[in-house]
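Participant: Here you go, upload-v5.cif (mmCIF, C-alpha atoms and all ligand atoms):
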```cif
data_model
#
loop_
_atom_site.label_atom_id
_atom_site.label_comp_id
_atom_site.auth_asym_id
_atom_site.auth_seq_id
_atom_site.Cartn_x
_atom_site.Cartn_y
_atom_site.Cartn_z
CA MET A 1261 -3.02 -40.48 8.90
CA THR A 1262 -4.45 -37.53 10.76
CA ALA A 1263 -2.63 -34.30 11.41
CA ARG A 1264 -2.91 -34.80 15.16
CA THR A 1265 -0.83 -37.98 15.41
CA ALA A 1266 1.37 -37.65 12.35
CA ALA A 1267 4.99 -36.52 12.44
CA LEU A 1268 5.68 -32.93 11.48
CA ALA A 1269 8.03 -31.94 8.67
CA PRO A 1270 11.66 -31.52 9.82
CA PRO A 1271 12.43 -27.92 10.90
CA SER A 1272 15.36 -27.88 8.45
CA LEU A 1273 12.84 -27.78 5.59
CA ARG A 1274 12.15 -24.12 6.33
CA ARG A 1275 15.71 -23.05 7.18
CA PRO A 1276 16.88 -20.04 5.14
CA LEU A 1277 20.24 -20.03 3.34
CA SER A 1278 22.89 -19.30 5.93
CA ILE A 1279 25.00 -16.14 5.82
CA PRO A 1280 28.72 -17.00 5.79
CA PRO A 1281 30.66 -15.61 8.79
CA GLU A 1282 32.95 -13.54 6.54
CA ALA A 1283 29.88 -11.80 5.10
CA GLN A 1284 28.61 -11.06 8.60
CA ALA A 1285 32.01 -9.60 9.46
CA ARG A 1286 32.12 -7.55 6.26
CA VAL A 1287 28.66 -6.10 6.97
CA ALA A 1288 29.70 -5.21 10.52
CA ALA A 1289 32.79 -3.46 9.12
CA LEU A 1290 30.69 -1.59 6.55
CA MET A 1291 28.40 -0.36 9.29
CA ALA A 1292 31.37 0.81 11.34
CA GLU A 1293 32.75 2.67 8.30
CA GLY A 1294 29.35 4.03 7.23
CA TRP A 1295 29.93 3.63 3.45
CA LEU A 1296 26.66 1.89 2.68
CA HIS A 1297 26.02 3.43 -0.75
CA ARG A 1298 27.85 1.91 -3.70
CA TYR A 1299 28.87 5.21 -5.31
CA VAL A 1300 31.33 7.52 -3.60
CA GLU A 1301 31.88 10.97 -5.10
CA ALA A 1302 35.55 11.19 -4.28
CA GLY A 1303 35.92 7.40 -4.64
CA GLY A 1304 37.10 5.09 -7.32
CA GLY A 1305 39.92 3.51 -5.33
CA THR A 1306 38.74 0.22 -3.84
CA PRO A 1307 35.88 -1.29 -5.86
CA SER A 1308 32.57 -1.30 -4.00
CA ALA A 1309 31.03 -4.63 -2.99
CA ALA A 1310 28.37 -3.99 -5.67
CA ALA A 1311 31.10 -3.60 -8.31
CA GLN A 1312 32.68 -6.86 -7.15
CA VAL A 1313 29.31 -8.60 -7.42
CA GLU A 1314 29.06 -7.30 -10.98
CA ALA A 1315 32.50 -8.66 -11.87
CA GLY A 1316 31.64 -11.99 -10.19
CA MET A 1317 28.29 -12.39 -11.96
CA ALA A 1318 29.78 -11.50 -15.37
CA ALA A 1319 32.40 -14.20 -14.81
CA LEU A 1320 29.86 -16.77 -13.56
CA THR A 1321 27.59 -16.33 -16.56
CA GLY A 1322 30.29 -15.75 -19.18
CA ARG A 1323 28.81 -12.36 -20.04
CA ARG A 1324 30.73 -9.18 -20.78
CA HIS A 1325 28.61 -6.91 -18.61
CA ALA A 1326 26.67 -7.13 -15.34
CA VAL A 1327 24.71 -4.50 -13.45
CA ALA A 1328 23.72 -4.88 -9.79
CA VAL A 1329 20.26 -3.59 -8.86
CA ASN A 1330 17.84 -3.92 -5.97
CA SER A 1331 15.75 -6.88 -7.20
CA CYS A 1332 15.26 -9.27 -10.08
CA GLY A 1333 11.97 -7.50 -10.81
CA ALA A 1334 13.94 -4.26 -11.23
CA ALA A 1335 16.46 -6.04 -13.50
CA LEU A 1336 13.61 -7.37 -15.67
CA PHE A 1337 12.05 -3.91 -15.85
CA LEU A 1338 15.39 -2.34 -16.82
CA ALA A 1339 15.99 -5.03 -19.47
CA LEU A 1340 12.60 -4.21 -21.00
CA LYS A 1341 13.36 -0.47 -20.91
CA GLY A 1342 16.78 -1.10 -22.41
CA ALA A 1343 15.22 -3.22 -25.16
CA GLY A 1344 13.11 -0.18 -26.06
CA VAL A 1345 9.75 -1.70 -25.08
CA ALA A 1346 7.14 1.01 -25.65
CA PRO A 1347 3.97 1.76 -23.65
CA GLY A 1348 1.15 -0.61 -24.58
CA GLU A 1349 3.46 -2.97 -26.45
CA PRO A 1350 2.74 -6.72 -26.01
CA VAL A 1351 5.48 -8.68 -24.22
CA LEU A 1352 5.29 -12.48 -24.23
CA VAL A 1353 5.61 -14.07 -20.78
CA ASN A 1354 5.41 -17.71 -19.64
CA ALA A 1355 2.06 -18.56 -18.18
CA PHE A 1356 4.06 -20.42 -15.50
CA THR A 1357 5.88 -17.66 -13.66
CA LEU A 1358 5.76 -15.46 -10.58
CA GLY A 1359 3.92 -12.15 -10.10
CA PRO A 1360 7.02 -9.90 -10.42
CA VAL A 1361 7.48 -11.03 -14.04
CA PRO A 1362 4.20 -9.74 -15.49
CA GLY A 1363 4.74 -6.97 -12.90
CA ALA A 1364 7.98 -5.91 -14.62
CA VAL A 1365 6.08 -5.69 -17.93
CA LEU A 1366 3.41 -3.52 -16.32
CA HIS A 1367 6.13 -1.38 -14.70
CA ALA A 1368 7.47 -0.71 -18.21
CA GLY A 1369 3.96 0.37 -19.27
CA ALA A 1370 3.67 -2.64 -21.57
CA ARG A 1371 1.17 -5.49 -21.75
CA PRO A 1372 2.01 -9.04 -20.60
CA VAL A 1373 0.66 -11.78 -22.88
CA ALA A 1374 0.73 -15.33 -21.52
CA VAL A 1375 2.38 -18.15 -23.48
CA GLY A 1376 1.46 -21.72 -22.58
CA VAL A 1377 3.41 -24.17 -20.45
CA THR A 1378 4.02 -27.87 -21.15
CA GLU A 1379 3.62 -30.85 -18.79
CA ASP A 1380 7.39 -30.59 -18.29
CA LEU A 1381 6.93 -27.03 -16.96
CA THR A 1382 8.79 -25.41 -19.85
CA LEU A 1383 7.59 -22.95 -22.47
CA ASP A 1384 5.25 -24.46 -25.07
CA LEU A 1385 7.12 -23.60 -28.28
CA ASP A 1386 4.09 -24.20 -30.53
CA ASP A 1387 2.12 -21.76 -28.45
CA LEU A 1388 5.07 -19.34 -28.59
CA ARG A 1389 4.85 -19.42 -32.40
CA ARG A 1390 1.11 -18.75 -32.27
CA ALA A 1391 1.36 -15.94 -29.71
CA ALA A 1392 4.23 -14.21 -31.55
CA ARG A 1393 2.30 -14.26 -34.83
CA GLU A 1394 -0.99 -13.14 -33.27
CA THR A 1395 0.44 -10.27 -31.25
CA GLY A 1396 3.46 -9.16 -33.33
CA ALA A 1397 5.42 -9.05 -30.04
CA ARG A 1398 9.13 -8.24 -30.28
CA VAL A 1399 10.21 -9.43 -26.84
CA LEU A 1400 9.88 -12.72 -24.93
CA LEU A 1401 10.39 -12.61 -21.17
CA LEU A 1402 11.37 -16.23 -20.58
CA SER A 1403 11.03 -17.43 -16.99
CA GLN A 1404 13.17 -20.50 -16.38
CA MET A 1405 10.51 -21.04 -13.76
CA ARG A 1406 11.33 -23.07 -10.64
CA GLY A 1407 14.53 -24.19 -12.32
CA HIS A 1408 12.93 -25.89 -15.36
CA MET A 1409 14.89 -24.65 -18.37
CA SER A 1410 13.18 -24.51 -21.72
CA ASP A 1411 14.88 -26.27 -24.64
CA MET A 1412 17.37 -23.55 -25.50
CA ASP A 1413 18.62 -25.39 -28.61
CA ARG A 1414 15.16 -25.08 -30.14
CA LEU A 1415 14.02 -21.88 -28.48
CA ALA A 1416 16.90 -19.62 -29.53
CA PRO A 1417 16.57 -20.19 -33.31
CA LEU A 1418 12.76 -20.14 -33.09
CA ALA A 1419 12.82 -16.79 -31.26
CA ASP A 1420 15.19 -15.45 -33.94
CA SER A 1421 12.92 -16.60 -36.73
CA LEU A 1422 9.93 -14.95 -35.02
CA GLY A 1423 11.81 -11.67 -34.55
CA LEU A 1424 11.71 -12.05 -30.76
CA ARG A 1425 14.45 -10.84 -28.48
CA VAL A 1426 14.75 -12.98 -25.37
CA ILE A 1427 15.17 -11.70 -21.83
CA GLU A 1428 15.89 -14.66 -19.57
CA ASP A 1429 14.40 -14.63 -16.06
CA CYS A 1430 16.98 -16.67 -14.14
CA ALA A 1431 15.58 -16.18 -10.64
CA HIS A 1432 15.67 -19.97 -10.13
CA THR A 1433 18.56 -20.91 -12.41
CA LEU A 1434 21.62 -19.23 -10.92
CA GLY A 1435 24.25 -21.96 -11.37
CA ALA A 1436 22.19 -24.01 -13.86
CA THR A 1437 23.36 -24.76 -17.40
CA TRP A 1438 21.93 -25.93 -20.73
CA GLY A 1439 24.36 -27.80 -22.97
CA GLY A 1440 27.13 -26.62 -20.66
CA ARG A 1441 26.17 -22.96 -21.14
CA PRO A 1442 25.14 -20.96 -18.06
CA SER A 1443 21.55 -19.84 -17.67
CA GLY A 1444 21.65 -16.09 -18.22
CA SER A 1445 24.00 -16.37 -21.20
CA PHE A 1446 21.16 -16.86 -23.72
CA GLY A 1447 19.40 -13.98 -25.43
CA LEU A 1448 19.71 -10.25 -24.97
CA ALA A 1449 19.94 -10.30 -21.17
CA GLY A 1450 19.66 -12.54 -18.13
CA CYS A 1451 18.18 -11.39 -14.81
CA PHE A 1452 18.94 -12.90 -11.40
CA SER A 1453 17.50 -12.53 -7.90
CA PHE A 1454 19.32 -12.40 -4.56
CA GLN A 1455 16.05 -12.37 -2.63
CA SER A 1456 16.17 -14.73 0.36
CA GLY A 1457 14.11 -17.45 -1.34
CA LYS A 1458 16.49 -17.86 -4.31
CA HIS A 1459 20.07 -19.16 -4.58
CA VAL A 1460 21.83 -16.24 -2.90
CA ASN A 1461 20.37 -14.76 0.27
CA ALA A 1462 20.99 -11.02 0.39
CA GLY A 1463 17.50 -10.14 1.59
CA GLU A 1464 16.93 -8.24 -1.64
CA GLY A 1465 18.99 -7.81 -4.79
CA GLY A 1466 19.11 -8.47 -8.50
CA VAL A 1467 21.63 -8.53 -11.33
CA LEU A 1468 21.25 -8.02 -15.07
CA VAL A 1469 23.87 -9.62 -17.33
CA THR A 1470 24.31 -8.95 -21.05
CA ASP A 1471 26.87 -8.82 -23.85
CA ASP A 1472 25.23 -5.72 -25.35
CA PRO A 1473 27.20 -2.57 -24.38
CA ALA A 1474 24.31 -0.22 -25.16
CA LEU A 1475 21.90 -2.20 -22.97
CA ALA A 1476 24.47 -2.36 -20.17
CA ALA A 1477 25.11 1.41 -20.35
CA ARG A 1478 21.39 2.18 -20.40
CA THR A 1479 20.77 -0.11 -17.44
CA ILE A 1480 23.56 1.49 -15.42
CA LEU A 1481 22.24 4.99 -16.14
CA HIS A 1482 18.60 4.03 -15.45
CA SER A 1483 19.58 2.22 -12.24
CA GLY A 1484 20.80 5.55 -10.87
CA SER A 1485 24.59 5.85 -11.17
CA TYR A 1486 24.80 9.66 -10.85
CA LEU A 1487 27.32 9.63 -13.72
CA LEU A 1488 29.73 7.69 -11.50
CA TYR A 1489 29.52 4.69 -13.83
CA GLY A 1490 33.29 4.51 -13.89
CA GLN A 1491 32.85 2.75 -10.52
CA ASN A 1492 30.78 -0.13 -11.94
CA GLY A 1493 32.42 -3.53 -11.94
CA ALA A 1494 31.61 -4.91 -15.42
CA ALA A 1495 30.58 -1.84 -17.42
CA PRO A 1496 31.25 -1.05 -21.08
CA GLY A 1497 33.69 1.72 -21.98
CA ARG A 1498 32.86 5.43 -21.90
CA GLU A 1499 32.02 5.39 -25.62
CA ALA A 1500 28.91 3.29 -24.85
CA PHE A 1501 27.65 5.95 -22.42
CA ALA A 1502 28.42 9.06 -24.51
CA PRO A 1503 25.38 8.86 -26.85
CA LEU A 1504 23.05 8.06 -23.92
CA LEU A 1505 23.92 10.88 -21.53
CA GLY A 1506 20.86 12.97 -20.82
CA GLN A 1507 18.65 10.31 -22.47
CA CYS A 1508 18.02 7.87 -19.60
CA GLY A 1509 15.93 8.72 -16.55
CA ASN A 1510 17.41 7.92 -13.12
CA PHE A 1511 15.06 5.34 -11.61
CA SER A 1512 17.13 4.75 -8.44
CA LEU A 1513 17.14 0.95 -8.47
CA ARG A 1514 20.72 0.46 -7.26
CA MET A 1515 22.06 -2.33 -5.09
CA GLY A 1516 23.26 -1.15 -1.67
CA GLU A 1517 26.56 -2.20 -0.15
CA ILE A 1518 25.07 -4.40 2.58
CA PRO A 1519 23.18 -6.75 0.23
CA ALA A 1520 26.17 -6.64 -2.12
CA ALA A 1521 28.55 -7.74 0.66
CA LEU A 1522 26.14 -10.52 1.64
CA ALA A 1523 25.86 -11.71 -1.96
CA LEU A 1524 29.55 -11.49 -2.76
CA ALA A 1525 30.52 -13.99 -0.07
CA GLN A 1526 27.85 -16.42 -1.30
CA LEU A 1527 28.80 -16.60 -4.98
CA PRO A 1528 31.61 -19.12 -4.34
CA LEU A 1529 29.16 -21.30 -2.36
CA LEU A 1530 26.80 -21.87 -5.30
CA PRO A 1531 28.22 -25.27 -6.37
CA GLU A 1532 28.00 -26.73 -2.83
CA ARG A 1533 24.49 -25.41 -2.38
CA ALA A 1534 23.45 -26.85 -5.74
CA ALA A 1535 24.83 -30.26 -4.78
CA ARG A 1536 22.93 -30.27 -1.47
CA TRP A 1537 19.65 -29.10 -3.02
CA ASN A 1538 19.88 -31.59 -5.88
CA ARG A 1539 20.72 -34.46 -3.54
CA ALA A 1540 17.60 -33.80 -1.44
CA HIS A 1541 15.43 -33.10 -4.49
CA ASP A 1542 16.51 -36.21 -6.38
CA ARG A 1543 16.11 -38.38 -3.29
CA ILE A 1544 12.52 -37.16 -2.82
CA VAL A 1545 11.72 -37.51 -6.52
CA ARG A 1546 12.98 -41.12 -6.69
CA ARG A 1547 10.30 -42.27 -4.25
CA LEU A 1548 7.59 -39.87 -5.36
CA ALA A 1549 7.96 -41.17 -8.92
CA GLN A 1550 6.82 -44.63 -7.76
CA ALA A 1551 3.52 -43.37 -6.37
CA PRO A 1552 0.42 -43.93 -8.51
CA GLY A 1553 -1.22 -40.76 -9.78
CA VAL A 1554 1.93 -38.63 -9.44
CA ALA A 1555 3.40 -37.04 -12.60
CA LEU A 1556 6.88 -35.58 -12.53
CA PRO A 1557 8.31 -33.27 -15.18
CA ARG A 1558 10.86 -34.96 -17.45
CA ARG A 1559 14.37 -33.52 -17.29
CA PRO A 1560 16.11 -33.23 -20.66
CA ALA A 1561 19.71 -34.43 -20.96
CA PRO A 1562 21.31 -31.04 -21.85
CA GLU A 1563 19.96 -29.46 -18.65
CA ALA A 1564 22.04 -29.29 -15.46
CA TYR A 1565 19.59 -28.00 -12.90
CA VAL A 1566 19.82 -26.49 -9.41
CA GLN A 1567 16.58 -27.68 -7.89
CA SER A 1568 15.88 -25.51 -4.87
CA SER A 1569 12.22 -26.51 -5.00
CA LEU A 1570 10.13 -29.55 -5.93
CA GLN A 1571 7.28 -29.73 -8.44
CA PHE A 1572 4.89 -32.59 -9.15
CA ARG A 1573 1.43 -32.93 -10.62
CA LEU A 1574 -1.66 -34.91 -9.69
CA PRO A 1575 -3.33 -34.96 -13.11
CA ASP A 1576 -6.17 -37.27 -12.10
CA ALA A 1577 -7.06 -35.70 -8.75
CA ALA A 1578 -10.09 -33.45 -8.35
CA PRO A 1579 -9.48 -29.86 -7.18
CA ASP A 1580 -11.04 -30.48 -3.77
CA GLU A 1581 -8.80 -33.52 -3.26
CA ILE A 1582 -5.73 -31.43 -4.05
CA ALA A 1583 -6.90 -28.61 -1.78
CA ALA A 1584 -7.41 -31.15 1.02
CA MET A 1585 -3.92 -32.60 0.52
CA VAL A 1586 -2.41 -29.10 0.70
CA ALA A 1587 -4.28 -28.46 3.95
CA ARG A 1588 -3.17 -31.79 5.48
CA CYS A 1589 0.46 -31.14 4.52
CA ARG A 1590 0.38 -27.63 5.96
CA ALA A 1591 -1.04 -28.98 9.19
CA ARG A 1592 2.16 -31.07 9.32
CA ALA A 1593 4.36 -28.00 8.80
CA LEU A 1594 4.98 -28.82 5.15
CA TRP A 1595 4.09 -25.67 3.19
CA LEU A 1596 2.92 -27.21 -0.05
CA LYS A 1597 1.63 -24.73 -2.66
CA TRP A 1598 -0.87 -25.34 -5.41
CA PHE A 1599 -0.96 -23.42 -8.68
CA GLY A 1600 -4.63 -24.29 -9.05
CA ALA A 1601 -5.54 -22.35 -5.91
CA PRO A 1602 -7.13 -18.91 -5.88
CA ALA A 1603 -4.40 -16.23 -5.92
CA GLU A 1604 -2.01 -16.55 -2.98
CA GLY A 1605 1.57 -15.81 -1.96
CA TYR A 1606 4.21 -17.31 -4.16
CA THR A 1607 2.08 -18.75 -6.90
CA SER A 1608 0.64 -16.85 -9.81
CA ARG A 1609 -1.40 -17.62 -12.89
CA PRO A 1610 -2.22 -15.43 -15.87
CA ASP A 1611 -5.84 -15.21 -14.74
CA HIS A 1612 -4.53 -13.53 -11.55
CA TRP A 1613 -2.38 -10.96 -13.35
CA PRO A 1614 -3.61 -7.38 -13.18
CA GLY A 1615 -4.98 -5.97 -16.40
CA PRO A 1616 -7.30 -7.38 -19.05
CA ALA A 1617 -8.37 -10.98 -18.40
CA GLN A 1618 -5.95 -13.52 -19.94
CA SER A 1619 -7.10 -16.81 -21.28
CA LEU A 1620 -4.93 -19.76 -20.32
CA PRO A 1621 -3.41 -21.05 -23.55
CA GLY A 1622 -3.42 -24.73 -24.58
CA ARG A 1623 -2.75 -27.23 -21.80
CA THR A 1624 -1.87 -24.48 -19.32
CA ALA A 1625 -5.06 -24.63 -17.26
CA ALA A 1626 -4.71 -28.40 -16.85
CA VAL A 1627 -0.98 -28.24 -16.07
CA LEU A 1628 -1.18 -25.42 -13.51
CA GLY A 1629 -4.44 -26.73 -12.05
CA SER A 1630 -2.74 -30.02 -11.12
CA LEU A 1631 0.64 -28.58 -10.09
CA LEU A 1632 2.02 -28.72 -6.56
CA ASP A 1633 5.16 -26.99 -5.41
CA LEU A 1634 7.40 -27.20 -2.35
CA ARG A 1635 10.36 -25.01 -1.46
CA LEU A 1636 13.37 -27.10 -0.44
CA SER A 1637 16.15 -26.08 1.88
CA ASP A 1638 19.82 -26.80 1.29
CA ALA A 1639 19.93 -27.90 4.94
CA LEU A 1640 17.93 -31.12 4.36
CA SER A 1641 19.84 -34.24 5.38
CA ASP A 1642 18.97 -37.57 3.75
CA GLU A 1643 16.83 -38.43 6.79
CA ASP A 1644 15.03 -35.09 6.53
CA ALA A 1645 14.41 -35.57 2.81
CA ASP A 1646 12.96 -39.01 3.62
CA ALA A 1647 10.70 -37.45 6.26
CA VAL A 1648 9.45 -34.95 3.66
CA VAL A 1649 8.63 -37.61 1.09
CA ASP A 1650 6.99 -39.76 3.80
CA ILE A 1651 4.54 -36.94 4.47
CA LEU A 1652 3.86 -36.35 0.78
CA LEU A 1653 3.18 -40.05 0.18
CA GLN A 1654 0.98 -40.36 3.29
CA GLU A 1655 -1.09 -37.33 2.35
CA LEU A 1656 -1.60 -38.05 -1.37
CA PRO A 1657 -5.28 -38.27 -2.33
CA ALA A 1658 -6.60 -41.82 -1.88
C1 LIG A 1701 11.51 -14.32 -7.26
C2 LIG A 1701 11.28 -14.30 -8.71
C3 LIG A 1701 11.41 -13.13 -9.46
C4 LIG A 1701 11.63 -11.79 -8.86
O1 LIG A 1701 12.69 -11.68 -8.01
P1 LIG A 1701 12.73 -10.45 -6.95
O2 LIG A 1701 14.19 -10.33 -6.68
O3 LIG A 1701 11.91 -10.87 -5.79
O4 LIG A 1701 12.20 -9.26 -7.67
C5 LIG A 1701 11.27 -13.22 -10.81
N1 LIG A 1701 10.98 -14.38 -11.41
C6 LIG A 1701 10.81 -15.52 -10.73
C7 LIG A 1701 10.49 -16.77 -11.47
C8 LIG A 1701 10.94 -15.52 -9.36
O5 LIG A 1701 10.73 -16.64 -8.67
#
```
Go ahead and render the structure in this file as structure tokens.
Ligand SMILES: *Cc1c(COP(=O)(O)O)cnc(C)c1O

Facilitator:
Amino acid sequence: MTARTAALAPPSLRRPLSIPPEAQARVAALMAEGWLHRYVEAGGGTPSAAAQVEAGMAALTGRRHAVAVNSCGAALFLALKGAGVAPGEPVLVNAFTLGPVPGAVLHAGARPVAVGVTEDLTLDLDDLRRAARETGARVLLLSQMRGHMSDMDRLAPLADSLGLRVIEDCAHTLGATWGGRPSGSFGLAGCFSFQSGKHVNAGEGGVLVTDDPALAARTILHSGSYLLYGQNGAAPGREAFAPLLGQCGNFSLRMGEIPAALALAQLPLLPERAARWNRAHDRIVRRLAQAPGVALPRRPAPEAYVQSSLQFRLPDAAPDEIAAMVARCRARALWLKWFGAPAEGYTSRPDHWPGPAQSLPGRTAAVLGSLLDLRLSDALSDEDADAVVDILLQELPA
């Protein structure tokens, strides 16, 4: 079918997450009051919206502490700082991730080292073993990339045995679980994003969750709390801060009250959003799985995903065939992305990361080179999901 005569993708495919009316009202009230900063010198009465987000995220993830910051990238950076990552130190990072993840490592002055990805889009645990031994790394920054959770039953003990502390990048797994345990509850810390393309639309925002009081206290001080940490919503006690006072630079990475108010009203909506996303995703996948030449990642039984995007591979297609399919889909308003493309927008590959050239470990080059990706909206009806998969099937390489 040619782009000229073919139906376009439904407009709902590109619809952003809607902002609940009570959040709009709360933001209007905040603007009328003028209290847009989370810390108030003479305050401490009513908890700020940021403090309420912290309490809500600690409860959602089953963690003792949560710290609200201005992005997930900032949360990842602060987790690395809090873990004591030193300049020049190697930090292991999934080869399948997004630019802000190696970016957080660079922000901490450290060196991202790519670990391979499997056909199921999870971390290659054999390659993890190799990379840990070769580099002597002490920290793994684990992206649960595009919602595909690594096997946490195997990964956690393996990381322990390799002396690796795990920082979980949960930008795409807010609301997801492994074996009934929330993403973000594994390892030293979990980091979440409230950027508009994730599961909560606050424009910008991030949260770090942890059970470690020292890491939480450090993160609060680094985030820029002006010693008003008594106003945080899920902070450790004063005894955790005492030994750190005067030790932690103020990096001013706080969450403001407007994004916090936007996020707060959306936390209770996560289960409904997950159900809508998964319904559309699973409906598309059921038909896509029948098409010859299409490979879909397997989903392990312990994983309960929130699939706000779709991934599939064309392992037998040539690069120019994949590039042509992407172009045809985009001409039909379906913004397909390809991890085999030269660096662009919301894809990234280790060979695009700044710094010394990275080789792509193991099967990574083949997996990413054949991988296509589509953002889904929670506003897709069944008919819209069918229209999306119609386009994908029509535009597959011959
Ligand atoms: C979006 C994203 C981030 C960074 O989130 P920001 O809030 O934009 O900093 C980190 N990791 C992954 C996998 C992401 O998709």

Participant: Quick one: pull the distance between CA of His1432 (chain A) and CA of Gly1516 (chain A), Å, one decimal.

Facilitator: 22.0 Å

Participant: Measuring between only C-alpha atoms, which one of A:Trp1537, A:Phe1446, A:Tyr1299, A:Phe1599 shows the shortest distance to Gly1484 (chain A)?

Facilitator: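 Of all the options, A:Tyr1299 lies closest to Gly1484 (chain A).
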
Participant: Would you list the residues that come within 7 Å of ligand LIG 1701 (chain A)? Count all atoms listed in the file and give the answer as a list in words.

Facilitator: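 Based on all atoms listed in the file, ligand LIG 1701 (chain A) is surrounded within 7 Å by Ser1331, Cys1332, Gly1333, Ala1334, Thr1357, Leu1358, Pro1360, Val1361, Ser1403, Gln1404, Met1405, Arg1406, Asp1429, Cys1430, Ala1431, His1432, Ser1453, Phe1454, Gln1455, Lys1458, Glu1464, Gly1465 and Gly1466 of chain A.
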
Participant: What is the CA of Asp1646 (chain A)-CA of Ala1658 (chain A) distance in Å, reported with one decimal?

Facilitator: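 Taking CA of Asp1646 (chain A) and CA of Ala1658 (chain A), their separation equals 20.5 Å.
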
Participant: Write out as a PyMOL selection string each polymer residue whose atoms come within 8 Å of Ala1601 (chain A), counting all atoms listed in the file; drop sequence neighbours fewer than 3 positions from it.

Facilitator: chain A and resi 1583+1598+1604+1629

Participant: Please list, as a list in words, the residues that have an atom at most 8 Å away from (5.0, -16.7, -17.7) in the coordinates of this file, counting all atoms listed in the file.

Facilitator: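 These residues have at least one counted atom within 8 Å: Leu1352, Val1353, Asn1354, Ala1355, Phe1356, Thr1357, Leu1358, Val1361, Pro1362, Ala1374, Val1375, Gly1376, Leu1401, Leu1402, Ser1403 and Pro1610 of chain A.
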
Participant: For each of A:Ala1564, A:Ala1339, A:Leu1620, A:Leu1385, take the minimum atom-to-atom distance to Ala1534 (chain A), counting all atoms listed in the file, then give the residue where this is smallest.

Facilitator: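 Among the listed residues, the smallest separation from Ala1534 (chain A) belongs to A:Ala1564.
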
Participant: In Å, rounded to a single decimal, give me how far CA of Ala1328 (chain A) is from CA of Ala1283 (chain A).

Facilitator: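 If I compute the distance from CA of Ala1283 (chain A) to CA of Ala1328 (chain A), I get 17.5 Å.
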
Participant: Excluding Arg1635 (chain A) and any residue of its chain fewer than 5 positions from it, enumerate the residues within 7 Å of it, using only C-alpha atoms, and give them as a CSV table (one decimal) with C-alpha atoms, keeping the file's coordinate frame.

Facilitator:
```csv
chain,number,residue,atom,x,y,z
A,1568,SER,CA,15.9,-25.5,-4.9
A,1569,SER,CA,12.2,-26.5,-5.0
A,1570,LEU,CA,10.1,-29.6,-5.9
```

Participant: Could you pull out every residue with an atom within 6 Å of (19.4, -28.5, 3.4), file coordinates, counting all atoms listed in the file, and send them as a count of residues only?

Facilitator: 4

Participant: Nearest to Ser1456 (chain A): which of A:Leu1383, A:Val1649, A:Arg1275, A:Val1351 is it, counting all atoms listed in the file?

Facilitator: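 Result for the nearest residue to Ser1456 (chain A): A:Arg1275.
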
Participant: Measuring between all atoms listed in the file, which one of A:Ala1368, A:Val1399, A:Ala1343, A:Val1377 shows the shortest distance to Asp1472 (chain A)?

Facilitator: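 Closest residue, counting all atoms listed in the file: A:Ala1343.
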
Participant: For Pro1575 (chain A), find every residue with an atom within 12 Å (counting all atoms listed in the file), except residues of its own chain fewer than 6 positions away, and show them as a list in words.

Facilitator: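 Near Pro1575 (chain A), the qualifying residues are Glu1379, Pro1552, Gly1553, Val1554, Ala1555, Leu1556, Pro1557, Glu1581, Ile1582, Gly1600, Arg1623, Ala1625, Ala1626, Val1627, Leu1628, Gly1629, Ser1630, Leu1631, Leu1632 and Pro1657 of chain A.
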